[in-house]
file upload_21.cif (mmCIF, C-alpha atoms)
data_input
loop_
_atom_site.group_PDB
_atom_site.id
_atom_site.type_symbol
_atom_site.label_atom_id
_atom_site.label_comp_id
_atom_site.auth_asym_id
_atom_site.auth_seq_id
_atom_site.Cartn_x
_atom_site.Cartn_y
_atom_site.Cartn_z
ATOM 1 C CA PRO A 1 -105.465 -149.788 120.177
ATOM 2 C CA ASP A 2 -108.770 -150.650 121.871
ATOM 3 C CA CYS A 3 -107.152 -152.493 124.783
ATOM 4 C CA PHE A 4 -104.507 -149.847 125.470
ATOM 5 C CA PRO A 5 -106.601 -147.790 127.938
ATOM 6 C CA LEU A 6 -107.459 -150.964 129.845
ATOM 7 C CA GLN A 7 -103.806 -152.066 130.008
ATOM 8 C CA PHE A 8 -102.803 -148.589 131.079
ATOM 9 C CA LEU A 9 -105.416 -148.538 133.843
ATOM 10 C CA SER A 10 -104.294 -151.929 135.109
ATOM 11 C CA TYR A 11 -100.677 -150.687 135.016
ATOM 12 C CA LEU A 12 -101.652 -147.598 137.020
ATOM 13 C CA GLY A 13 -103.579 -149.757 139.494
ATOM 14 C CA ALA A 14 -100.603 -152.064 139.950
ATOM 15 C CA CYS A 15 -98.235 -149.116 140.442
ATOM 16 C CA ASP A 16 -100.623 -147.567 142.937
ATOM 17 C CA ARG A 17 -100.831 -150.781 144.980
ATOM 18 C CA LEU A 18 -97.034 -151.108 145.025
ATOM 19 C CA LEU A 19 -96.604 -147.445 145.996
ATOM 20 C CA LYS A 20 -99.045 -147.970 148.884
ATOM 21 C CA GLN A 21 -96.714 -150.723 150.139
ATOM 22 C CA GLY A 22 -94.085 -148.021 150.602
ATOM 23 C CA TYR A 23 -91.894 -148.509 147.534
ATOM 24 C CA GLU A 24 -90.434 -145.492 145.716
ATOM 25 C CA GLU A 25 -92.133 -144.404 142.493
ATOM 26 C CA GLY A 26 -88.982 -144.710 140.364
ATOM 27 C CA GLN A 27 -88.322 -148.222 141.633
ATOM 28 C CA VAL A 28 -91.929 -149.286 141.048
ATOM 29 C CA GLU A 29 -91.897 -148.040 137.447
ATOM 30 C CA GLU A 30 -88.514 -149.649 136.777
ATOM 31 C CA ALA A 31 -89.616 -152.997 138.270
ATOM 32 C CA MET A 32 -92.873 -152.981 136.285
ATOM 33 C CA GLU A 33 -90.946 -152.392 133.051
ATOM 34 C CA MET A 34 -88.308 -155.018 133.877
ATOM 35 C CA PHE A 35 -90.977 -157.679 134.373
ATOM 36 C CA GLN A 36 -93.232 -156.781 131.414
ATOM 37 C CA TYR A 37 -95.778 -155.181 133.740
ATOM 38 C CA SER A 38 -96.297 -158.285 135.874
ATOM 39 C CA GLU A 39 -97.370 -156.875 139.230
ATOM 40 C CA LYS A 40 -96.579 -160.169 140.993
ATOM 41 C CA LYS A 41 -92.991 -160.353 139.716
ATOM 42 C CA ALA A 42 -92.418 -156.634 140.271
ATOM 43 C CA ALA A 43 -93.689 -156.972 143.860
ATOM 44 C CA GLU A 44 -91.358 -159.954 144.510
ATOM 45 C CA PHE A 45 -88.439 -158.007 143.070
ATOM 46 C CA LEU A 46 -89.165 -154.876 145.140
ATOM 47 C CA HIS A 47 -89.605 -156.930 148.310
ATOM 48 C CA LEU A 48 -86.273 -158.723 147.833
ATOM 49 C CA LEU A 49 -84.553 -155.500 146.780
ATOM 50 C CA ALA A 50 -85.638 -153.848 150.040
ATOM 51 C CA GLN A 51 -84.692 -156.923 152.078
ATOM 52 C CA PHE A 52 -81.192 -157.222 150.614
ATOM 53 C CA ASN A 53 -80.748 -153.462 150.792
ATOM 54 C CA ASP A 54 -81.487 -153.634 154.544
ATOM 55 C CA MET A 55 -78.787 -156.321 154.808
ATOM 56 C CA GLY A 56 -76.285 -153.799 153.466
ATOM 57 C CA PHE A 57 -75.882 -154.924 149.860
ATOM 58 C CA GLN A 58 -75.525 -152.341 147.054
ATOM 59 C CA GLN A 59 -78.715 -151.678 145.095
ATOM 60 C CA ASN A 60 -77.169 -152.018 141.637
ATOM 61 C CA GLU A 61 -75.642 -155.392 142.616
ATOM 62 C CA ILE A 62 -78.952 -156.559 144.064
ATOM 63 C CA LYS A 63 -80.843 -155.668 140.867
ATOM 64 C CA GLU A 64 -78.308 -157.465 138.702
ATOM 65 C CA VAL A 65 -78.374 -160.617 140.833
ATOM 66 C CA LEU A 66 -82.174 -160.707 141.160
ATOM 67 C CA LEU A 67 -82.567 -160.461 137.384
ATOM 68 C CA LEU A 68 -79.953 -163.163 136.911
ATOM 69 C CA CYS A 69 -81.603 -165.461 139.453
ATOM 70 C CA GLY A 70 -85.198 -164.712 138.479
ATOM 71 C CA ASN A 71 -86.109 -163.380 141.924
ATOM 72 C CA GLN A 72 -85.061 -166.601 143.658
ATOM 73 C CA ARG A 73 -84.165 -165.417 147.143
ATOM 74 C CA GLU A 74 -81.728 -168.164 148.164
ATOM 75 C CA ARG A 75 -79.785 -168.149 144.889
ATOM 76 C CA ALA A 76 -79.656 -164.364 144.865
ATOM 77 C CA LEU A 77 -78.382 -164.272 148.439
ATOM 78 C CA GLU A 78 -75.630 -166.783 147.626
ATOM 79 C CA GLU A 79 -74.569 -164.691 144.622
ATOM 80 C CA LEU A 80 -74.518 -161.482 146.683
ATOM 81 C CA VAL A 81 -72.485 -163.058 149.475
ATOM 82 C CA MET A 82 -69.952 -164.377 146.950
ATOM 83 C CA LYS A 83 -69.489 -160.960 145.312
#

call {"tool": "encode", "arguments": {"input": "upload_21.cif", "output": "structure tokens"}}
result
Amino acid sequence: PDCFPLQFLSYLGACDRLLKQGYEEGQVEEAMEMFQYSEKKAAEFLHLLAQFNDMGFQQNEIKEVLLLCGNQRERALEELVMK
């Protein structure tokens, strides 16, 4: 119980930094939850999600593939192209 406020503040800080990079609030919260509140992994995921989205891939497919491939860009891209 004692460390909860600290964890919450670090979560809010991480979300704030990701939001300032231009990501949508819903996506930031979802990414943080998906990666057990690891800001680094969430940031990688959001970056690749945006990149693949710009390439014309569907967001739900991108999410699925990134989770499957553990945010590995090359593997994820291969999977998306093969779909």

call {"tool": "atom_distance", "arguments": {"input": "upload_21.cif", "atom1": "CA of Asp16 in chain A", "atom2": "CA of Leu48 in chain A"}}
result
18.8 Å

call {"tool": "atom_distance", "arguments": {"input": "upload_21.cif", "atom1": "CA of Val65 in chain A", "atom2": "CA of Ala43 in chain A"}}
result
16.0 Å

call {"tool": "residues_around", "arguments": {"input": "upload_21.cif", "residues": "Met82 in chain A", "least_positions_apart": "6", "cutoff": "12 Å", "atoms": "all atoms listed in the file", "output": "ChimeraX atom specification"}}
result
/A:57,61,65,75-76

call {"tool": "atom_distance", "arguments": {"input": "upload_21.cif", "atom1": "CA of Gly22 in chain A", "atom2": "CA of Tyr37 in chain A"}}
result
18.4 Å

call {"tool": "resolve_selection", "arguments": {"input": "upload_21.cif", "expression": "the PyMOL selection byres ((chain A and resi 23) around 12)", "output": "ChimeraX atom specification"}}
result
/A:15-22,24-31,42-51

call {"tool": "closest_residue", "arguments": {"input": "upload_21.cif", "among": "A:Phe8, A:Glu33, A:Ala14, A:Glu64", "to": "Glu79 in chain A", "atoms": "all atoms listed in the file"}}
result
A:Glu64

call {"tool": "closest_residue", "arguments": {"input": "upload_21.cif", "among": "A:Ile62, A:Val81, A:Met32, A:Cys69", "to": "Gly13 in chain A", "atoms": "only C-alpha atoms"}}
result
A:Met32

call {"tool": "closest_residue", "arguments": {"input": "upload_21.cif", "among": "A:Tyr11, A:Phe35, A:Phe52, A:Leu6", "to": "Leu67 in chain A", "atoms": "all atoms listed in the file"}}
result
A:Phe35

call {"tool": "axis_aligned_box", "arguments": {"input": "upload_21.cif", "around": "range 34-47 of chain A", "padding_each_side": "8 Å", "output": "AutoDock Vina command-line options"}}
result
--center_x -92.8 --center_y -157.6 --center_z 139.9 --size_x 25.1 --size_y 21.5 --size_z 32.9

call {"tool": "decode", "arguments": {"input": "upload_21.cif", "residues": "range 6-71 of chain A", "atoms": "C-alpha atoms", "output": "short mmCIF file (atom, residue, chain, number, x, y, z; two decimals), in the first residue's frame"}}
result
data_model
loop_
_atom_site.label_atom_id
_atom_site.label_comp_id
_atom_site.auth_asym_id
_atom_site.auth_seq_id
_atom_site.Cartn_x
_atom_site.Cartn_y
_atom_site.Cartn_z
CA LEU A 6 4.73 6.38 -5.98
CA GLN A 7 3.88 3.80 -8.67
CA PHE A 8 0.84 5.81 -9.64
CA LEU A 9 2.88 9.01 -9.94
CA SER A 10 5.48 7.26 -12.09
CA TYR A 11 2.64 5.85 -14.24
CA LEU A 12 1.17 9.34 -14.64
CA GLY A 13 4.60 10.74 -15.50
CA ALA A 14 5.16 8.05 -18.12
CA CYS A 15 1.71 8.65 -19.64
CA ASP A 16 2.34 12.38 -19.69
CA ARG A 17 5.67 11.96 -21.50
CA LEU A 18 4.07 9.66 -24.09
CA LEU A 19 1.13 12.05 -24.58
CA LYS A 20 3.60 14.90 -25.17
CA GLN A 21 5.07 12.82 -28.02
CA GLY A 22 1.69 13.11 -29.72
CA TYR A 23 0.12 9.73 -28.97
CA GLU A 24 -3.60 9.47 -28.18
CA GLU A 25 -4.58 9.07 -24.53
CA GLY A 26 -6.50 5.82 -25.08
CA GLN A 27 -3.58 4.27 -26.94
CA VAL A 28 -1.09 5.36 -24.27
CA GLU A 29 -3.17 3.84 -21.46
CA GLU A 30 -3.71 0.62 -23.43
CA ALA A 31 0.01 0.30 -24.26
CA MET A 32 1.03 0.94 -20.65
CA GLU A 33 -1.33 -1.80 -19.45
CA MET A 34 -0.25 -4.24 -22.17
CA PHE A 35 3.40 -3.91 -21.14
CA GLN A 36 2.93 -3.94 -17.34
CA TYR A 37 3.54 -0.19 -17.16
CA SER A 38 6.96 -0.32 -18.82
CA GLU A 39 7.30 3.12 -20.39
CA LYS A 40 10.12 1.92 -22.67
CA LYS A 41 8.13 -0.99 -24.12
CA ALA A 42 4.95 1.09 -24.40
CA ALA A 43 6.89 3.81 -26.25
CA GLU A 44 8.37 1.23 -28.69
CA PHE A 45 4.92 -0.22 -29.28
CA LEU A 46 3.30 3.19 -29.89
CA HIS A 47 6.12 4.24 -32.23
CA LEU A 48 5.81 1.07 -34.32
CA LEU A 49 2.01 1.24 -34.24
CA ALA A 50 2.13 4.76 -35.70
CA GLN A 51 4.77 3.76 -38.25
CA PHE A 52 2.86 0.72 -39.52
CA ASN A 53 -0.39 2.67 -39.43
CA ASP A 54 1.20 5.28 -41.73
CA MET A 55 2.14 2.42 -44.08
CA GLY A 56 -1.55 1.59 -44.39
CA PHE A 57 -1.86 -1.46 -42.15
CA GLN A 58 -4.97 -1.94 -39.96
CA GLN A 59 -4.50 -0.97 -36.32
CA ASN A 60 -5.98 -4.14 -34.83
CA GLU A 61 -3.68 -6.28 -37.03
CA ILE A 62 -0.67 -4.17 -36.08
CA LYS A 63 -1.39 -4.56 -32.34
CA GLU A 64 -1.79 -8.31 -32.67
CA VAL A 65 1.44 -8.72 -34.64
CA LEU A 66 3.49 -6.42 -32.38
CA LEU A 67 2.39 -8.37 -29.30
CA LEU A 68 3.18 -11.63 -31.05
CA CYS A 69 6.61 -10.43 -32.16
CA GLY A 70 7.49 -8.57 -28.96
CA ASN A 71 7.84 -5.21 -30.72
#
